[in-house]
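As provided, final17.cif (mmCIF, C-alpha atoms) reads as follows.
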data_input
loop_
_atom_site.label_atom_id
_atom_site.label_comp_id
_atom_site.auth_asym_id
_atom_site.auth_seq_id
_atom_site.Cartn_x
_atom_site.Cartn_y
_atom_site.Cartn_z
CA MET A 243 132.64 114.60 103.29
CA LYS A 244 133.75 113.74 99.76
CA TYR A 245 131.57 112.56 96.89
CA CYS A 246 132.43 110.18 94.06
CA LYS A 247 133.19 112.21 90.95
CA LYS A 248 131.05 109.85 88.85
CA CYS A 249 128.00 108.89 90.92
CA VAL A 250 128.09 111.30 93.90
CA GLN A 251 128.08 108.47 96.47
CA PRO A 252 129.53 109.91 99.69
CA ASP A 253 132.69 108.53 101.24
CA THR A 254 130.72 107.90 104.44
CA ARG A 255 129.54 104.48 103.22
CA PRO A 256 131.00 101.97 105.71
CA ASN A 257 134.12 100.12 104.56
CA THR A 258 134.60 102.15 101.40
CA LYS A 259 137.75 103.78 100.11
CA PHE A 260 137.86 106.13 97.15
CA SER A 261 140.62 105.97 94.54
CA PRO A 262 143.19 108.78 94.49
CA GLU A 263 141.16 110.19 91.57
CA GLY A 264 138.07 110.48 93.79
CA ILE A 265 136.14 107.52 92.34
CA CYS A 266 134.20 105.10 94.57
CA PRO A 267 134.85 101.32 94.42
CA ALA A 268 131.47 100.65 92.80
CA CYS A 269 132.20 103.00 89.88
CA ASN A 270 135.71 101.55 89.50
CA TYR A 271 134.22 98.05 89.38
CA PHE A 272 131.59 99.11 86.83
CA ALA A 273 134.33 100.53 84.59
CA GLU A 274 136.31 97.27 84.85
CA LEU A 275 133.29 95.24 83.66
CA LYS A 276 133.98 96.45 80.10
CA ASN A 277 137.16 94.36 80.13
CA VAL A 278 135.64 91.13 81.46
CA ASN A 279 135.73 88.08 79.23
CA TRP A 280 132.18 86.89 79.97
CA GLN A 281 132.55 83.64 78.03
CA GLU A 282 135.59 82.74 80.12
CA ARG A 283 133.68 83.57 83.32
CA TYR A 284 130.77 81.39 82.16
CA GLU A 285 133.13 78.47 81.48
CA ILE A 286 134.72 78.87 84.93
CA LEU A 287 131.24 78.85 86.49
CA GLN A 288 130.22 75.75 84.52
CA ALA A 289 133.34 73.91 85.72
CA GLU A 290 132.69 74.97 89.34
CA ILE A 291 129.07 73.84 89.43
CA GLU A 292 129.48 70.54 87.59
CA GLN A 293 130.17 68.60 90.78
CA TYR A 294 126.88 69.78 92.35
CA ARG A 295 124.48 68.65 89.63
CA SER A 296 121.80 66.16 90.57
CA GLN A 297 123.44 64.07 93.22
CA PRO A 298 121.52 60.95 94.26
CA ASN A 299 118.77 61.64 96.81
CA GLN A 300 119.21 65.39 96.35
CA MET A 301 116.13 67.48 95.58
CA PHE A 302 118.07 70.69 94.92
CA ASP A 303 121.43 71.41 93.30
CA CYS A 304 121.86 74.83 94.87
CA ILE A 305 120.27 77.44 97.10
CA ILE A 306 119.72 81.11 96.25
CA GLY A 307 118.70 83.96 98.52
CA VAL A 308 116.03 86.10 96.88
CA SER A 309 114.57 89.34 98.14
CA GLY A 310 111.80 89.95 95.65
CA GLY A 311 113.88 92.84 94.38
CA LYS A 312 115.25 93.80 91.01
CA ASP A 313 117.32 90.74 90.24
CA SER A 314 115.62 87.85 92.07
CA THR A 315 113.53 86.56 89.16
CA ARG A 316 116.27 87.00 86.58
CA GLN A 317 118.79 85.19 88.76
CA ALA A 318 116.48 82.28 89.57
CA LEU A 319 115.47 81.82 85.92
CA TRP A 320 119.08 82.10 84.71
CA VAL A 321 120.23 79.43 87.16
CA ARG A 322 117.39 77.10 86.22
CA GLU A 323 117.30 77.70 82.45
CA LYS A 324 120.91 78.51 81.55
CA LEU A 325 122.85 76.53 84.17
CA LYS A 326 120.27 73.70 84.28
CA LEU A 327 120.36 73.55 88.09
CA LYS A 328 117.45 72.89 90.46
CA PRO A 329 117.55 75.78 92.95
CA LEU A 330 115.81 76.14 96.30
CA LEU A 331 115.01 79.80 96.83
CA VAL A 332 115.19 81.39 100.27
CA SER A 333 113.32 84.58 100.98
CA LEU A 334 113.08 86.68 104.07
CA SER A 335 109.74 88.12 105.05
CA TYR A 336 110.62 91.73 105.73
CA PRO A 337 109.30 93.75 108.65
CA PRO A 338 105.75 94.99 108.02
CA GLU A 339 107.13 98.52 107.60
CA GLN A 340 109.31 97.37 104.69
CA ILE A 341 106.97 95.06 102.76
CA THR A 342 106.00 96.36 99.35
CA ASN A 343 103.32 95.10 97.00
CA ARG A 344 105.90 94.76 94.22
CA GLY A 345 108.22 92.62 96.38
CA THR A 346 105.32 90.40 97.45
CA ASP A 347 104.19 90.07 93.83
CA ASN A 348 107.73 89.17 92.74
CA ILE A 349 108.03 86.35 95.30
CA SER A 350 104.54 85.10 94.33
CA ASN A 351 105.63 85.18 90.68
CA LEU A 352 108.66 83.00 91.47
CA ILE A 353 106.39 80.44 93.12
CA GLU A 354 104.01 80.55 90.12
CA LEU A 355 107.04 79.98 87.84
CA GLY A 356 107.55 76.64 89.61
CA PHE A 357 110.28 77.48 92.13
CA ASP A 358 110.26 76.08 95.64
CA VAL A 359 110.66 78.95 98.11
CA VAL A 360 111.36 78.80 101.83
CA ILE A 361 110.31 81.99 103.60
CA SER A 362 111.84 82.91 106.94
CA ALA A 363 109.75 85.28 109.04
CA PRO A 364 110.69 86.61 112.47
CA ALA A 365 107.80 88.06 114.49
CA PRO A 366 107.04 91.78 113.96
CA GLY A 367 108.18 92.59 117.50
CA THR A 368 111.50 90.85 116.88
CA TRP A 369 111.90 92.85 113.67
CA ARG A 370 111.25 96.14 115.48
CA THR A 371 113.85 95.28 118.12
CA LEU A 372 116.41 94.32 115.47
CA MET A 373 115.71 97.42 113.37
CA LYS A 374 116.18 99.69 116.39
CA LYS A 375 119.40 97.93 117.35
CA SER A 376 120.67 98.20 113.76
CA PHE A 377 119.98 101.91 113.69
CA LEU A 378 121.64 102.54 117.05
CA GLU A 379 124.71 100.39 116.30
CA PHE A 380 125.20 100.97 112.57
CA THR A 381 123.01 104.05 111.81
CA ASN A 382 121.36 101.74 109.27
CA TRP A 383 117.92 100.48 110.29
CA ALA A 384 117.90 98.02 107.34
CA LYS A 385 121.12 96.28 108.45
CA SER A 386 119.07 93.72 110.39
CA THR A 387 117.20 92.60 107.28
CA GLU A 388 120.43 92.33 105.29
CA LEU A 389 122.10 90.27 108.01
CA ALA A 390 119.03 88.08 108.47
CA LEU A 391 118.89 87.20 104.76
CA PHE A 392 122.67 86.71 104.51
CA SER A 393 122.61 84.34 107.50
CA SER A 394 119.39 82.44 106.71
CA VAL A 395 120.67 81.25 103.31
CA PRO A 396 123.70 79.31 104.63
CA GLN A 397 121.70 78.08 107.64
CA LEU A 398 119.11 76.52 105.33
CA ALA A 399 121.83 75.21 102.99
CA ILE A 400 123.29 73.33 105.96
CA LYS A 401 119.88 72.16 107.18
CA TYR A 402 118.85 70.80 103.75
CA LYS A 403 122.38 69.57 102.90
CA ILE A 404 122.66 71.74 99.79
CA PRO A 405 126.40 72.30 99.25
CA LEU A 406 126.21 75.07 96.62
CA VAL A 407 125.09 78.59 97.51
CA LEU A 408 124.69 81.09 94.68
CA TRP A 409 124.58 84.75 95.70
CA GLY A 410 123.31 87.73 93.73
CA GLU A 411 125.12 91.01 93.69
CA ASN A 412 128.30 91.28 95.70
CA PRO A 413 127.96 94.32 97.99
CA GLY A 414 131.73 94.78 97.99
CA LEU A 415 131.79 95.18 94.23
CA GLN A 416 128.35 96.62 93.52
CA LEU A 417 128.10 99.06 96.44
CA GLY A 418 131.67 99.58 97.54
CA ASP A 419 131.54 97.76 100.90
CA MET A 420 135.08 96.45 100.64
CA LYS A 421 134.83 94.50 103.91
CA THR A 422 132.49 92.00 102.23
CA LEU A 423 134.90 90.95 99.49
CA GLY A 424 135.90 87.29 99.40
CA LYS A 425 139.21 85.77 98.30
CA ASN A 426 138.56 86.47 94.62
CA GLY A 427 135.82 87.72 92.31
CA PHE A 428 133.92 84.42 92.55
CA ASP A 429 134.00 83.99 96.32
CA GLY A 430 131.19 85.35 98.49
CA ASN A 431 132.37 83.82 101.76
CA ASN A 432 132.68 87.12 103.59
#
Write-out of the structure in structure tokens:
Amino acid sequence: MKYCKKCVQPDTRPNTKFSPEGICPACNYFAELKNVNWQERYEILQAEIEQYRSQPNQMFDCIIGVSGGKDSTRQALWVREKLKLKPLLVSLSYPPEQITNRGTDNISNLIELGFDVVISAPAPGTWRTLMKKSFLEFTNWAKSTELALFSSVPQLAIKYKIPLVLWGENPGLQLGDMKTLGKNGFDGNN
């Protein structure tokens, strides 16, 4: 087993490949962020989302998956305040073993801030079955919750006819799961 020379992440993370210098993809990506022209990225985003703003008979401009974690509130507020979009938030009720007071408080806070939130909640027995299967197949008991959130967002986007999905962190870039990368830095289709 090898460890990243910067963050000590092991090379056993699925779908990761270290650089010849022994640096993980997440650390390489973080280093590249210093060279990003953020104003240019913002202008590209503005041009992309313009076509989705306030269509007739449309309650929401976009849909965002939120976990109640570290970036959910910031992302929702940034989309509403900075991009001036009306987002529908989608949250997944985690298995009882995973629910934290902080996560519950964060989702409640989003609702109190005026966001509409759809919460998807499989039965506890279903969660236990999925968690066991995830552990046995992927050695990652949390894989089922990740897959459930990643699949519920586009399902609800289709159901409510919301054509724009905005994702949070890209696991390919942020965590080094290179299999999840899209066609370019703006595409989360994988």
Expected selection from the PyMOL selection byres ((chain A and resi 375-391) around 10), given as a list in words: Pro256, Gly307, Val308, Ser309, Val332, Ser333, Leu334, Ser335, Tyr336, Pro337, Gln340, Ser362, Ala363, Pro364, Trp369, Arg370, Thr371, Leu372, Met373, Lys374, Phe392, Ser393, Ser394, Val395, Pro396 and Gln397 of chain A
Between A:Leu331, A:Cys266, A:Leu408, A:Ala289, which residue has the minimum interatomic distance to Val359 of chain A, considering all atoms listed in the file?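 Checking each of A:Leu331, A:Cys266, A:Leu408, A:Ala289 against Val359 of chain A, counting all atoms listed in the file, the winner is A:Leu331.
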Between atom CA of Ser314 of chain A and atom CA of Lys403 of chain A lies a distance of 22.3 Å
Explicit residues for the PyMOL selection byres ((chain A and resi 246) around 9) (as an mmCIF file with C-alpha atoms, in the coordinates of the input):
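And here is the file that came out, out_34.cif:
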data_model
loop_
_atom_site.group_PDB
_atom_site.id
_atom_site.type_symbol
_atom_site.label_atom_id
_atom_site.label_comp_id
_atom_site.auth_asym_id
_atom_site.auth_seq_id
_atom_site.Cartn_x
_atom_site.Cartn_y
_atom_site.Cartn_z
ATOM 1 C CA LYS A 244 133.750 113.740 99.760
ATOM 2 C CA TYR A 245 131.570 112.560 96.890
ATOM 3 C CA LYS A 247 133.190 112.210 90.950
ATOM 4 C CA LYS A 248 131.050 109.850 88.850
ATOM 5 C CA CYS A 249 128.000 108.890 90.920
ATOM 6 C CA VAL A 250 128.090 111.300 93.900
ATOM 7 C CA GLN A 251 128.080 108.470 96.470
ATOM 8 C CA PRO A 252 129.530 109.910 99.690
ATOM 9 C CA ASP A 253 132.690 108.530 101.240
ATOM 10 C CA PHE A 260 137.860 106.130 97.150
ATOM 11 C CA GLY A 264 138.070 110.480 93.790
ATOM 12 C CA ILE A 265 136.140 107.520 92.340
ATOM 13 C CA CYS A 266 134.200 105.100 94.570
ATOM 14 C CA CYS A 269 132.200 103.000 89.880
#
Mind giving me the straight-line distance from atom CA of Tyr284 of chain A to atom CA of Trp320 of chain A in Å, one decimal? 12.0 Å
Please indicate the distance in Å from atom CA of Tyr402 of chain A to atom CA of Arg295 of chain A, rounded to one decimal place.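 About the pair atom CA of Tyr402 of chain A and atom CA of Arg295 of chain A: they are 15.4 Å apart.
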Can you tell me, as a VMD selection string, what residues are no more than 12 Å from Ile353 of chain A when counting only C-alpha atoms, ignoring any on the same chain fewer than 3 positions away? chain A and resid 308 310 314 to 315 318 to 319 330 to 333 346 to 350 356 to 361
Using only C-alpha atoms, which residue out of A:Arg344, A:Lys324, A:Arg255, A:Arg283 lies closest to Lys312 of chain A? A:Arg344
Return as a PyMOL selection string the set of residues that the PyMOL selection byres ((chain A and resi 294) around 8) yields on the displayed structure. chain A and resi 291-293+295-297+303-304+405-406
Looking at only C-alpha atoms, which of A:Leu275, A:Ala365, A:Glu290, A:Ala268 is the one that sits closest to Val407 of chain A? A:Glu290
Padding 6 Å on each side, edges along x, y and z: where is the centre of the box around the listed atoms of segment 247-253 of chain A, and how long are its edges in Å to one decimal? Output it as AutoDock Vina command-line options.
--center_x 130.6 --center_y 110.3 --center_z 95.0 --size_x 17.2 --size_y 15.7 --size_z 24.4
